[in-house]
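Worksheet: the structure to be examined is printed underneath.
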Amino acid sequence: MTDGLHVDFETRSSVNLPKFGAYVYATDPGTEVLCMAYKWGCAPAQLWTPDKPFPEKVAKHIANGGTIIAHNAQFERLIFWYIVCPDFGVPEPELEQFYCTANLARSRGLPGKLELASALFGGTGKDPRGDELIRECCIPPYNDELLPELYEYCLTDVEAEAAFSACLPALTDSEQHDYIVSERINDRGVGVDVRFCKAATEYKEDEVADLSVVLERVTDGEITKPTQSQRITAWLAERCPRDCLRSTKTKSGWTSNRQALEMLLNEEDDVPADVREVAQARLDGANVSVTKYQTMARIAEQDEEHRIRGAFILNAAITGRFSSRQAQLHNFPRSVPENAVELMDDVLEGYEIETPMRTLAGLLRPTLIPAEGNVFVGGDWSAIEAVLTAWAGRGWGGDVVVKRFADGVDVYIEQALDMGLTEEERQLGKVAILACGFGGTGNAFLSMGRNYGLRLEFNEAQAYALAWRDANRWAPALWAALERAAISAVRSPGERFVAGDITYMMWGDFLCAQLPSGRVLYYYGARLVEGKFGDPQLAYHHARYIAQSNIESPPLVRTWGGKLCENVVQAMANDLLRHALRRADDEGVPVVGHVHDELLCEVPRGTTAETEARLERAMLESPPWARDIPLKVKTWSGDRYGK
């Protein structure tokens, strides 16, 4: 996008920006602006510093509602709102005026970092001097002698942002609307029980200390902390060389990851007591979820209302799905104890609780709370990915499964019966639907089964997976059709190839997949490589791996029909979420959070029933492309997050 005003600020503060986030940083009284680089169209970038009058042309552009383009525009917006506008008499821009090129890059399958996205389109890439200048000029103690170099760096950044964003298809009106709605949610933030966060952090530290004592005693001092992964793996492998600990992905050939340890602990026969103690200590002590308490307390305590703001990132995945930063609210365990409030009181009082680390992880969701006088209202779609997978495959026979969802029958029982099982084996039918829809086989079934308490051997799991495929032949047909269309598009640039409701076409270096909603998924650097059996296989440059590698030769990620199916299904689910967020926004239902298939709102107490009805309506009023998808929504309300 070249229209509008491109801006970039350089600032300084004693607040650690990566640690506390943009909202805490921008609202801190000690944060100050060092310079602003700005650019109009093809004209060279210009510089403003606070010792000079603010540029009149920029002020008029803002006052007239002109577009403000920036990379990670949330930061520039907050700097305008909390520093530049009040301190320098600049008109305050509206949220709707901001256009984020980091969001643009992510929506086109590229890395969100400016230096990486820019380098892919002929830019200079990462400037090591830039990092040094930031450390010297923007983080105490400040080195003002280097400010002239920092000013030049800022000018270079705004030129790079304008150049690379001009190479990409601009955000559609709908995509820009999604960004604005997402930023409104970020601005609202969500409340945190800081007192409990601190108590839980202290409880966790005491528990880790106790586990360290156990490990040191059981291993005669060989292991002193539950975080000593390599030592624990070697110790367990020497004493209990079971298949579940073997790994082809590690140099040692062994692993002590969560799944392996859970499989080991599920063995009830000949696992020695000391091995069981060490495995359990490792499993409990390495639970990374509980570290979120400290992060939440640190950030929320700096907010006057004890809220975490700016948590959600739009287009964090190639499918357009959201993710979360800092406390990573998307990764909170979904399983919440029924007596959560009682357990939270026990933690606050310092009483002993069973399976402490696991319990603390399960209490993360209830740590999110509404403001005084308010209440949470939530809603989530039932089995949305399973419904959408069958809907995507209705041209090959998936319509039978779609009808089951529409008729309200127990699809898990029906699936079990289709697989030659009984009604009593409903759980196997559920696991099959969740594990196999995107091409999963024995390992996927085994892993998903463990989440539902099923203890299976690999041969059993593989047999169930194959039985699911045999009963749902529409699914492999869908995977194959998507793969054929994508490969054909790469072979014939400019031509369109259709698989059901998905259209593939090459545009420059991008393989584009147009969804039923009209939104497009972008696979950068798509090409064909030789597959395992000599057949052509689709590959592309994944944004995550570009960011972790040499930008000049990023690795290729291979994909296939099952993964393409997962991409489009998750993207369609995200389109439904985006539509629901827009509808909730239109209806004045204040969303404060969301997790893929779930929305969380905060409203005044006494408006619960009305809000539940409005939220359900927003989630059930499908966009035109999804009118025949049978959606089901469950709503709830409460004083804490967690159904």
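Order determines the names: the first chain of the structure tokens is A, the second B, and so forth; residues in each chain are numbered 1 upward, and ligands are numbered 1 upward as they are shown.
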| said: Using only C-alpha atoms, which protein or nucleic acid residues come within 7 Å of Glu301 (chain A)? Drop anything in the same chain fewer than 4 positions from it, and give the result as a PyMOL selection string. | reply: chain A and resi 194+297+306
Against region 417-435 of chain A, which residues of region 453-525 of chain A fall within 10 Å? For each one I want the closest pair of atoms and the distance in Å (one decimal), counting only C-alpha atoms, rows by chain and increasing residue number, as a Markdown table.
| residue | atom | partner | partner_atom | distance |
| --- | --- | --- | --- | --- |
| A:Gly453 | CA | A:Gln427 | CA | 9.5 |
| A:Leu454 | CA | A:Leu428 | CA | 8.3 |
| A:Ala461 | CA | A:Ala432 | CA | 9.3 |
| A:Tyr464 | CA | A:Ala432 | CA | 7.3 |
| A:Ala465 | CA | A:Ala432 | CA | 6.5 |
| A:Leu466 | CA | A:Met419 | CA | 9.1 |
| A:Ala467 | CA | A:Met419 | CA | 5.4 |
| A:Trp468 | CA | A:Met419 | CA | 5.9 |
| A:Arg469 | CA | A:Met419 | CA | 8.9 |
| A:Asp470 | CA | A:Met419 | CA | 7.9 |
| A:Ala471 | CA | A:Asp418 | CA | 5.8 |
| A:Asn472 | CA | A:Asp418 | CA | 8.6 |
Output of the above residues as a short mmCIF file (atom, residue, chain, number, x, y, z; two decimals), in the first residue's frame, restricted to C-alpha atoms:
data_model
loop_
_atom_site.label_atom_id
_atom_site.label_comp_id
_atom_site.auth_asym_id
_atom_site.auth_seq_id
_atom_site.Cartn_x
_atom_site.Cartn_y
_atom_site.Cartn_z
CA GLY A 453 -7.65 -41.32 28.94
CA LEU A 454 -7.38 -44.12 26.36
CA ALA A 461 -4.42 -47.10 17.25
CA TYR A 464 -8.70 -47.65 14.41
CA ALA A 465 -7.27 -44.92 12.19
CA LEU A 466 -7.51 -47.14 9.12
CA ALA A 467 -11.05 -48.12 10.09
CA TRP A 468 -11.97 -44.43 10.25
CA ARG A 469 -10.56 -43.85 6.76
CA ASP A 470 -12.45 -46.82 5.40
CA ALA A 471 -15.69 -45.50 6.92
CA ASN A 472 -15.05 -41.95 5.67
#
| field | Distance query Gln570 (chain A) at most 12 Å, only C-alpha atoms, self and fewer than 2 positions along chain excluded, as number ranges by chain | value | A: 317-322, 384-389, 392, 437-438, 515, 521, 563-568, 572-577, 596-597
Take the residues that were just selected and, keeping N, CA, C and O atoms, output them as a compact mmCIF listing (two decimals), in the first residue's frame.
# COMPACT_ATOMS: atom_id res chain seq x y z
N ALA A 317 -0.77 -17.16 12.05
CA ALA A 317 -0.50 -18.40 11.31
C ALA A 317 -0.89 -18.20 9.86
O ALA A 317 -1.61 -17.26 9.51
N ILE A 318 -0.41 -19.09 9.00
CA ILE A 318 -0.68 -18.97 7.57
C ILE A 318 -2.17 -19.03 7.28
O ILE A 318 -2.66 -18.51 6.28
N THR A 319 -2.94 -19.64 8.19
CA THR A 319 -4.39 -19.76 8.02
C THR A 319 -5.13 -18.49 8.40
O THR A 319 -6.33 -18.37 8.17
N GLY A 320 -4.42 -17.53 9.00
CA GLY A 320 -5.06 -16.31 9.47
C GLY A 320 -5.47 -16.38 10.93
O GLY A 320 -6.00 -15.41 11.47
N ARG A 321 -5.23 -17.52 11.57
CA ARG A 321 -5.62 -17.66 12.97
C ARG A 321 -4.85 -16.69 13.87
O ARG A 321 -3.75 -16.25 13.54
N PHE A 322 -5.45 -16.41 15.01
CA PHE A 322 -4.83 -15.54 16.00
C PHE A 322 -3.84 -16.34 16.85
O PHE A 322 -3.92 -17.56 16.96
N ILE A 384 -16.46 -27.59 15.79
CA ILE A 384 -16.49 -26.77 14.57
C ILE A 384 -15.56 -27.31 13.49
O ILE A 384 -15.92 -27.33 12.30
N GLU A 385 -14.36 -27.78 13.85
CA GLU A 385 -13.45 -28.27 12.82
C GLU A 385 -13.94 -29.57 12.21
O GLU A 385 -13.78 -29.79 11.00
N ALA A 386 -14.56 -30.43 13.01
CA ALA A 386 -15.11 -31.67 12.47
C ALA A 386 -16.24 -31.38 11.49
O ALA A 386 -16.34 -32.00 10.41
N VAL A 387 -17.10 -30.42 11.84
CA VAL A 387 -18.19 -30.03 10.94
C VAL A 387 -17.64 -29.47 9.64
O VAL A 387 -18.09 -29.84 8.54
N LEU A 388 -16.66 -28.58 9.75
CA LEU A 388 -16.13 -27.92 8.55
C LEU A 388 -15.36 -28.89 7.66
O LEU A 388 -15.36 -28.76 6.43
N THR A 389 -14.68 -29.87 8.26
CA THR A 389 -13.97 -30.86 7.45
C THR A 389 -14.95 -31.65 6.60
O THR A 389 -14.75 -31.84 5.39
N ALA A 392 -16.38 -29.38 3.89
CA ALA A 392 -15.44 -29.21 2.78
C ALA A 392 -15.43 -30.42 1.87
O ALA A 392 -15.17 -30.31 0.67
N GLY A 437 -9.12 -36.54 10.82
CA GLY A 437 -9.72 -35.72 9.76
C GLY A 437 -8.73 -35.07 8.82
O GLY A 437 -9.07 -34.75 7.68
N PHE A 438 -7.48 -34.87 9.28
CA PHE A 438 -6.48 -34.24 8.44
C PHE A 438 -5.37 -35.21 8.05
O PHE A 438 -4.23 -34.82 7.81
N LEU A 515 -10.51 -19.06 -0.33
CA LEU A 515 -11.47 -19.74 0.52
C LEU A 515 -12.89 -19.40 0.10
O LEU A 515 -13.11 -18.43 -0.66
N LEU A 521 -5.40 -17.50 1.21
CA LEU A 521 -4.20 -17.96 1.93
C LEU A 521 -3.03 -17.89 0.96
O LEU A 521 -3.15 -18.22 -0.22
N LYS A 563 -2.46 -31.95 5.12
CA LYS A 563 -2.08 -30.67 5.72
C LYS A 563 -2.80 -29.51 5.04
O LYS A 563 -3.22 -28.55 5.70
N LEU A 564 -2.95 -29.58 3.72
CA LEU A 564 -3.71 -28.55 3.01
C LEU A 564 -5.15 -28.51 3.50
O LEU A 564 -5.75 -27.44 3.63
N CYS A 565 -5.70 -29.69 3.78
CA CYS A 565 -7.06 -29.78 4.32
C CYS A 565 -7.12 -29.11 5.69
O CYS A 565 -8.04 -28.33 5.98
N GLU A 566 -6.14 -29.39 6.53
CA GLU A 566 -6.09 -28.75 7.85
C GLU A 566 -6.02 -27.23 7.70
O GLU A 566 -6.70 -26.49 8.42
N ASN A 567 -5.20 -26.76 6.76
CA ASN A 567 -5.07 -25.32 6.53
C ASN A 567 -6.42 -24.68 6.18
O ASN A 567 -6.81 -23.67 6.77
N VAL A 568 -7.12 -25.26 5.21
CA VAL A 568 -8.35 -24.62 4.75
C VAL A 568 -9.46 -24.74 5.80
O VAL A 568 -10.27 -23.82 5.96
N MET A 572 -11.24 -21.61 7.45
CA MET A 572 -12.68 -21.38 7.42
C MET A 572 -13.22 -21.16 8.83
O MET A 572 -14.09 -20.30 9.05
N ALA A 573 -12.70 -21.92 9.80
CA ALA A 573 -13.10 -21.70 11.19
C ALA A 573 -12.72 -20.29 11.64
O ALA A 573 -13.47 -19.62 12.35
N ASN A 574 -11.55 -19.83 11.19
CA ASN A 574 -11.13 -18.48 11.52
C ASN A 574 -12.01 -17.44 10.85
O ASN A 574 -12.29 -16.38 11.44
N ASP A 575 -12.47 -17.73 9.64
CA ASP A 575 -13.40 -16.81 8.97
C ASP A 575 -14.71 -16.69 9.75
O ASP A 575 -15.29 -15.60 9.85
N LEU A 576 -15.19 -17.81 10.30
CA LEU A 576 -16.39 -17.76 11.12
C LEU A 576 -16.14 -16.95 12.39
O LEU A 576 -17.01 -16.18 12.83
N LEU A 577 -14.96 -17.13 12.99
CA LEU A 577 -14.62 -16.35 14.18
C LEU A 577 -14.56 -14.87 13.86
O LEU A 577 -15.10 -14.03 14.59
N HIS A 596 -9.67 -19.39 19.29
CA HIS A 596 -10.02 -20.21 18.13
C HIS A 596 -11.53 -20.40 17.95
O HIS A 596 -12.11 -19.85 17.02
N ASP A 597 -12.19 -21.20 18.81
CA ASP A 597 -13.61 -21.47 18.62
C ASP A 597 -14.44 -20.91 19.77
O ASP A 597 -15.59 -21.28 19.95
| task | Compile the contact shell of Gly109 (chain A) as number ranges by chain: residues with an atom at most 6 Å away, counting only C-alpha atoms, same-chain residues fewer than 3 positions apart removed. | result | A: 106, 318, 522-523
May I have the residues from that selection written out with N, CA, C and O atoms, as a PDB file, in the first residue's frame?
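What follows is the written file result13.pdb:
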ATOM      1  N   ARG A 106       2.010 -10.728   7.592  1.00  0.00           N
ATOM      2  CA  ARG A 106       1.564 -12.010   8.145  1.00  0.00           C
ATOM      3  C   ARG A 106       0.382 -12.573   7.361  1.00  0.00           C
ATOM      4  O   ARG A 106       0.287 -13.787   7.148  1.00  0.00           O
ATOM      5  N   ILE A 318      -0.409 -19.089   9.003  1.00  0.00           N
ATOM      6  CA  ILE A 318      -0.676 -18.967   7.575  1.00  0.00           C
ATOM      7  C   ILE A 318      -2.173 -19.028   7.280  1.00  0.00           C
ATOM      8  O   ILE A 318      -2.657 -18.511   6.277  1.00  0.00           O
ATOM      9  N   TYR A 522      -1.873 -17.472   1.465  1.00  0.00           N
ATOM     10  CA  TYR A 522      -0.689 -17.286   0.625  1.00  0.00           C
ATOM     11  C   TYR A 522       0.434 -18.200   1.090  1.00  0.00           C
ATOM     12  O   TYR A 522       0.811 -18.183   2.261  1.00  0.00           O
ATOM     13  N   TYR A 523       0.981 -18.981   0.148  1.00  0.00           N
ATOM     14  CA  TYR A 523       2.138 -19.839   0.418  1.00  0.00           C
ATOM     15  C   TYR A 523       3.317 -19.263  -0.366  1.00  0.00           C
ATOM     16  O   TYR A 523       3.394 -19.398  -1.589  1.00  0.00           O
TER      17      TYR A 523
END
| task | Would you kindly return, as a list in words, each protein, DNA or RNA residue with an atom no farther than 10 Å from any atom of Arg246 (chain A), considering only C-alpha atoms and excluding same-chain residues fewer than 6 positions away? | result |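 Non-adjacent residues within range: Ala237, Ser252, Gly253, Trp254, Thr255, Ser256 and Ala260 of chain A.
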| request: Compile the contact shell of region 27-29 of chain A as a list in words: residues with an atom at most 10 Å away, counting only C-alpha atoms, same-chain residues fewer than 5 positions apart removed. | output: Ser13, Ser14, Val15, Ala22, Leu78, Ile79, Trp81, Tyr82, Ile83, Gln302 and Asp303 of chain A
For the selection just defined, write its residues with C-alpha atoms to a file, as a PDB file, in the first residue's frame.
ATOM      1  CA  SER A  13      12.190   4.326  28.289  1.00  0.00           C
ATOM      2  CA  SER A  14      13.299   2.477  31.378  1.00  0.00           C
ATOM      3  CA  VAL A  15      10.407   0.067  30.725  1.00  0.00           C
ATOM      4  CA  ALA A  22       3.417  -1.770  24.152  1.00  0.00           C
ATOM      5  CA  LEU A  78      -0.188   4.217  21.315  1.00  0.00           C
ATOM      6  CA  ILE A  79       2.778   6.581  21.049  1.00  0.00           C
ATOM      7  CA  TRP A  81      -2.268   8.683  21.796  1.00  0.00           C
ATOM      8  CA  TYR A  82      -0.280   8.773  25.021  1.00  0.00           C
ATOM      9  CA  ILE A  83       2.758  10.931  24.199  1.00  0.00           C
ATOM     10  CA  GLN A 302       1.482  -2.046  35.866  1.00  0.00           C
ATOM     11  CA  ASP A 303      -2.043  -1.377  34.583  1.00  0.00           C
TER      12      ASP A 303
END
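For the choices A:Phe458, A:Ala618, A:Asp8, A:Gln74, the atom-to-atom distance to Phe445 (chain A) is smallest for A:Phe458 when using only C-alpha atoms.
Remark: for Leu211 (chain A), the closest of the candidate residues A:Ile487, A:Met357, A:Ala383, A:Leu363 is A:Met357 (distances computed over only C-alpha atoms).
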| task | Name the closest residue to Val589 (chain A) among the candidates A:Leu17, A:Leu114, A:Val603, A:Leu5; distances are taken between atoms, counting only C-alpha atoms. | result |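 Residue with the minimum atom-to-atom distance to Val589 (chain A): A:Val603.
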| What's the 10 Å shell around region 338-353 of chain A, counting only C-alpha atoms, without same-chain residues fewer than 5 positions away, as JSON, numbers by chain? | {"A": [195, 196, 197, 198, 199, 200, 201, 202, 203, 204, 359, 360, 362, 363, 364, 365, 366, 367, 640, 642, 643]}
Please dump the current selection as a CSV table (one decimal), in the first residue's frame; keep N, CA, C and O atoms.
chain,number,residue,atom,x,y,z
A,195,ARG,N,-3.5,-10.9,42.8
A,195,ARG,CA,-3.2,-11.5,44.1
A,195,ARG,C,-3.1,-13.0,44.0
A,195,ARG,O,-2.1,-13.6,44.6
A,196,PHE,N,-4.0,-13.7,43.2
A,196,PHE,CA,-3.8,-15.1,43.1
A,196,PHE,C,-2.6,-15.5,42.2
A,196,PHE,O,-1.9,-16.5,42.5
A,197,CYS,N,-2.3,-14.7,41.2
A,197,CYS,CA,-1.1,-14.9,40.4
A,197,CYS,C,0.2,-15.0,41.3
A,197,CYS,O,1.0,-15.8,41.1
A,198,LYS,N,0.3,-14.0,42.2
A,198,LYS,CA,1.4,-14.0,43.1
A,198,LYS,C,1.5,-15.2,44.0
A,198,LYS,O,2.5,-15.8,44.2
A,199,ALA,N,0.3,-15.6,44.5
A,199,ALA,CA,0.2,-16.7,45.4
A,199,ALA,C,0.6,-18.0,44.7
A,199,ALA,O,1.3,-18.9,45.2
A,200,ALA,N,0.1,-18.1,43.4
A,200,ALA,CA,0.3,-19.3,42.6
A,200,ALA,C,1.8,-19.4,42.3
A,200,ALA,O,2.4,-20.5,42.2
A,201,THR,N,2.4,-18.2,42.0
A,201,THR,CA,3.9,-18.2,41.6
A,201,THR,C,4.7,-18.7,42.8
A,201,THR,O,5.6,-19.5,42.7
A,202,GLU,N,4.3,-18.2,44.0
A,202,GLU,CA,5.1,-18.6,45.2
A,202,GLU,C,4.8,-20.1,45.5
A,202,GLU,O,5.8,-20.8,45.9
A,203,TYR,N,3.6,-20.6,45.3
A,203,TYR,CA,3.3,-22.0,45.5
A,203,TYR,C,4.1,-22.8,44.6
A,203,TYR,O,4.6,-23.9,44.9
A,204,LYS,N,4.2,-22.4,43.3
A,204,LYS,CA,5.0,-23.1,42.3
A,204,LYS,C,6.4,-23.2,42.7
A,204,LYS,O,7.1,-24.3,42.6
A,359,THR,N,-2.7,-29.0,38.9
A,359,THR,CA,-3.8,-28.2,39.4
A,359,THR,C,-3.6,-26.7,39.1
A,359,THR,O,-4.5,-26.0,38.7
A,360,LEU,N,-2.4,-26.2,39.3
A,360,LEU,CA,-2.1,-24.8,39.1
A,360,LEU,C,-2.3,-24.5,37.6
A,360,LEU,O,-2.9,-23.4,37.2
A,362,GLY,N,-4.4,-25.9,35.6
A,362,GLY,CA,-5.8,-25.9,35.4
A,362,GLY,C,-6.5,-24.7,35.9
A,362,GLY,O,-7.7,-24.5,35.6
A,363,LEU,N,-5.8,-24.0,36.8
A,363,LEU,CA,-6.4,-22.8,37.4
A,363,LEU,C,-6.1,-21.5,36.6
A,363,LEU,O,-6.4,-20.4,37.1
A,364,LEU,N,-5.3,-21.6,35.5
A,364,LEU,CA,-5.0,-20.4,34.8
A,364,LEU,C,-6.2,-19.7,34.2
A,364,LEU,O,-6.2,-18.4,34.3
A,365,ARG,N,-7.1,-20.4,33.6
A,365,ARG,CA,-8.3,-19.7,33.1
A,365,ARG,C,-9.0,-18.9,34.1
A,365,ARG,O,-9.4,-17.8,33.9
A,366,PRO,N,-9.3,-19.5,35.3
A,366,PRO,CA,-10.1,-18.8,36.3
A,366,PRO,C,-9.3,-17.6,36.9
A,366,PRO,O,-9.9,-16.8,37.6
A,367,THR,N,-8.0,-17.4,36.5
A,367,THR,CA,-7.3,-16.3,37.0
A,367,THR,C,-7.7,-15.0,36.2
A,367,THR,O,-7.4,-13.9,36.7
A,640,ARG,N,-15.6,-15.8,36.7
A,640,ARG,CA,-14.2,-16.1,36.3
A,640,ARG,C,-14.3,-16.8,35.0
A,640,ARG,O,-15.3,-17.4,34.6
A,642,GLY,N,-13.7,-19.8,32.6
A,642,GLY,CA,-13.6,-21.2,32.7
A,642,GLY,C,-15.0,-21.8,32.9
A,642,GLY,O,-15.7,-21.5,33.9
A,643,LYS,N,-15.3,-22.7,32.0
A,643,LYS,CA,-16.7,-23.3,32.0
A,643,LYS,C,-16.7,-24.4,33.1
A,643,LYS,O,-15.8,-25.1,33.3
Near region 163-168 of chain A, 12 Å: region 437-542 of chain A residue rows, closest pairs, only C-alpha atoms, as a Markdown table:
| residue | atom | partner | partner_atom | distance |
| --- | --- | --- | --- | --- |
| A:Trp507 | CA | A:Leu168 | CA | 10.6 |
| A:Gly508 | CA | A:Leu168 | CA | 10.3 |
| A:Asp509 | CA | A:Leu168 | CA | 11.0 |
| A:Phe510 | CA | A:Leu168 | CA | 10.4 |
| A:Tyr522 | CA | A:Leu168 | CA | 10.9 |
| A:Tyr524 | CA | A:Leu168 | CA | 11.5 |
What would the file look like if the residues just selected were written as an mmCIF file, in the first residue's frame with all heavy atoms?
data_model
loop_
_atom_site.group_PDB
_atom_site.id
_atom_site.type_symbol
_atom_site.label_atom_id
_atom_site.label_comp_id
_atom_site.auth_asym_id
_atom_site.auth_seq_id
_atom_site.Cartn_x
_atom_site.Cartn_y
_atom_site.Cartn_z
ATOM 1 N N TRP A 507 0.413 -16.675 -8.025
ATOM 2 C CA TRP A 507 0.538 -15.242 -8.250
ATOM 3 C C TRP A 507 1.973 -14.863 -7.882
ATOM 4 O O TRP A 507 2.335 -14.808 -6.706
ATOM 5 C CB TRP A 507 -0.447 -14.471 -7.380
ATOM 6 C CG TRP A 507 -0.355 -12.976 -7.543
ATOM 7 C CD1 TRP A 507 -0.901 -12.222 -8.532
ATOM 8 C CD2 TRP A 507 0.357 -12.065 -6.690
ATOM 9 N NE1 TRP A 507 -0.589 -10.895 -8.356
ATOM 10 C CE2 TRP A 507 0.183 -10.764 -7.232
ATOM 11 C CE3 TRP A 507 1.108 -12.211 -5.530
ATOM 12 C CZ2 TRP A 507 0.743 -9.632 -6.646
ATOM 13 C CZ3 TRP A 507 1.670 -11.081 -4.952
ATOM 14 C CH2 TRP A 507 1.492 -9.816 -5.508
ATOM 15 N N GLY A 508 2.809 -14.676 -8.905
ATOM 16 C CA GLY A 508 4.222 -14.423 -8.632
ATOM 17 C C GLY A 508 4.838 -15.600 -7.903
ATOM 18 O O GLY A 508 4.753 -16.750 -8.359
ATOM 19 N N ASP A 509 5.453 -15.322 -6.753
ATOM 20 C CA ASP A 509 6.071 -16.379 -5.946
ATOM 21 C C ASP A 509 5.105 -17.016 -4.963
ATOM 22 O O ASP A 509 5.507 -17.856 -4.146
ATOM 23 C CB ASP A 509 7.258 -15.800 -5.151
ATOM 24 C CG ASP A 509 8.426 -15.445 -6.047
ATOM 25 O OD1 ASP A 509 8.601 -16.121 -7.079
ATOM 26 O OD2 ASP A 509 9.155 -14.492 -5.723
ATOM 27 N N PHE A 510 3.849 -16.634 -5.016
ATOM 28 C CA PHE A 510 2.867 -17.113 -4.039
ATOM 29 C C PHE A 510 1.903 -18.120 -4.673
ATOM 30 O O PHE A 510 1.350 -17.868 -5.752
ATOM 31 C CB PHE A 510 2.039 -15.961 -3.489
ATOM 32 C CG PHE A 510 2.809 -14.963 -2.671
ATOM 33 C CD1 PHE A 510 3.403 -13.864 -3.275
ATOM 34 C CD2 PHE A 510 2.929 -15.113 -1.298
ATOM 35 C CE1 PHE A 510 4.099 -12.929 -2.531
ATOM 36 C CE2 PHE A 510 3.632 -14.186 -0.544
ATOM 37 C CZ PHE A 510 4.223 -13.097 -1.154
ATOM 38 N N TYR A 522 -1.873 -17.472 1.465
ATOM 39 C CA TYR A 522 -0.689 -17.286 0.625
ATOM 40 C C TYR A 522 0.434 -18.200 1.090
ATOM 41 O O TYR A 522 0.811 -18.183 2.261
ATOM 42 C CB TYR A 522 -0.212 -15.835 0.686
ATOM 43 C CG TYR A 522 -1.158 -14.840 0.058
ATOM 44 C CD1 TYR A 522 -2.269 -14.370 0.754
ATOM 45 C CD2 TYR A 522 -0.940 -14.359 -1.235
ATOM 46 C CE1 TYR A 522 -3.129 -13.445 0.184
ATOM 47 C CE2 TYR A 522 -1.802 -13.432 -1.808
ATOM 48 C CZ TYR A 522 -2.893 -12.987 -1.097
ATOM 49 O OH TYR A 522 -3.743 -12.076 -1.674
ATOM 50 N N TYR A 524 4.245 -18.633 0.339
ATOM 51 C CA TYR A 524 5.351 -17.948 -0.329
ATOM 52 C C TYR A 524 6.406 -18.943 -0.824
ATOM 53 O O TYR A 524 6.766 -19.895 -0.129
ATOM 54 C CB TYR A 524 6.009 -16.950 0.623
ATOM 55 C CG TYR A 524 7.231 -16.273 0.036
ATOM 56 C CD1 TYR A 524 7.097 -15.361 -1.003
ATOM 57 C CD2 TYR A 524 8.508 -16.577 0.494
ATOM 58 C CE1 TYR A 524 8.197 -14.744 -1.563
ATOM 59 C CE2 TYR A 524 9.621 -15.964 -0.060
ATOM 60 C CZ TYR A 524 9.464 -15.051 -1.086
ATOM 61 O OH TYR A 524 10.561 -14.457 -1.644
#
| message | Residues of region 217-439 of chain A classed as strand (DSSP E or B) by DSSP on the backbone are to be reported as a ChimeraX atom specification. | response | /A:246,254,307-308,312-313,323-324,368-369,374-381
So that I have them on file, write out the residues from the current selection with C-alpha atoms, as a PDB file, in the first residue's frame.
ATOM      1  CA  ARG A 246      12.883 -43.641  22.345  1.00  0.00           C
ATOM      2  CA  TRP A 254      15.867 -40.805  23.943  1.00  0.00           C
ATOM      3  CA  ARG A 307      -5.686  -5.750  32.932  1.00  0.00           C
ATOM      4  CA  ILE A 308      -3.538  -7.330  30.250  1.00  0.00           C
ATOM      5  CA  PHE A 312      -3.935 -10.928  20.591  1.00  0.00           C
ATOM      6  CA  ILE A 313      -2.102 -11.097  17.250  1.00  0.00           C
ATOM      7  CA  SER A 323      -2.155 -16.188  18.587  1.00  0.00           C
ATOM      8  CA  SER A 324      -1.242 -14.479  21.831  1.00  0.00           C
ATOM      9  CA  LEU A 368      -8.861 -14.034  34.349  1.00  0.00           C
ATOM     10  CA  ILE A 369     -11.622 -11.982  35.975  1.00  0.00           C
ATOM     11  CA  ASN A 374     -19.140  -6.932  35.668  1.00  0.00           C
ATOM     12  CA  VAL A 375     -19.474 -10.565  34.664  1.00  0.00           C
ATOM     13  CA  PHE A 376     -18.050 -12.770  31.916  1.00  0.00           C
ATOM     14  CA  VAL A 377     -20.236 -14.191  29.165  1.00  0.00           C
ATOM     15  CA  GLY A 378     -18.706 -16.776  26.863  1.00  0.00           C
ATOM     16  CA  GLY A 379     -19.675 -18.908  23.921  1.00  0.00           C
ATOM     17  CA  ASP A 380     -18.074 -21.591  21.800  1.00  0.00           C
ATOM     18  CA  TRP A 381     -18.942 -23.587  18.729  1.00  0.00           C
TER      19      TRP A 381
END
| query | Could you pull out the alpha helix (DSSP H) residues of region 319-428 of chain A from DSSP and send them as a PyMOL selection string? | reply | chain A and resi 340-349+356-362+384-392+399-407+411-418+426-428
| CA of Cys512 (chain A) to CA of Leu116 (chain A): how many Å, to one decimal? | 20.7 Å
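One distance worth recording is that between CA of Lys634 (chain A) and CA of Ala613 (chain A), which is 10.6 Å.
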| task | Just give me the gap between CA of Arg614 (chain A) and CA of Gly588 (chain A) in Å, one decimal is fine. | result |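 Between these atoms lies a distance of 9.2 Å.
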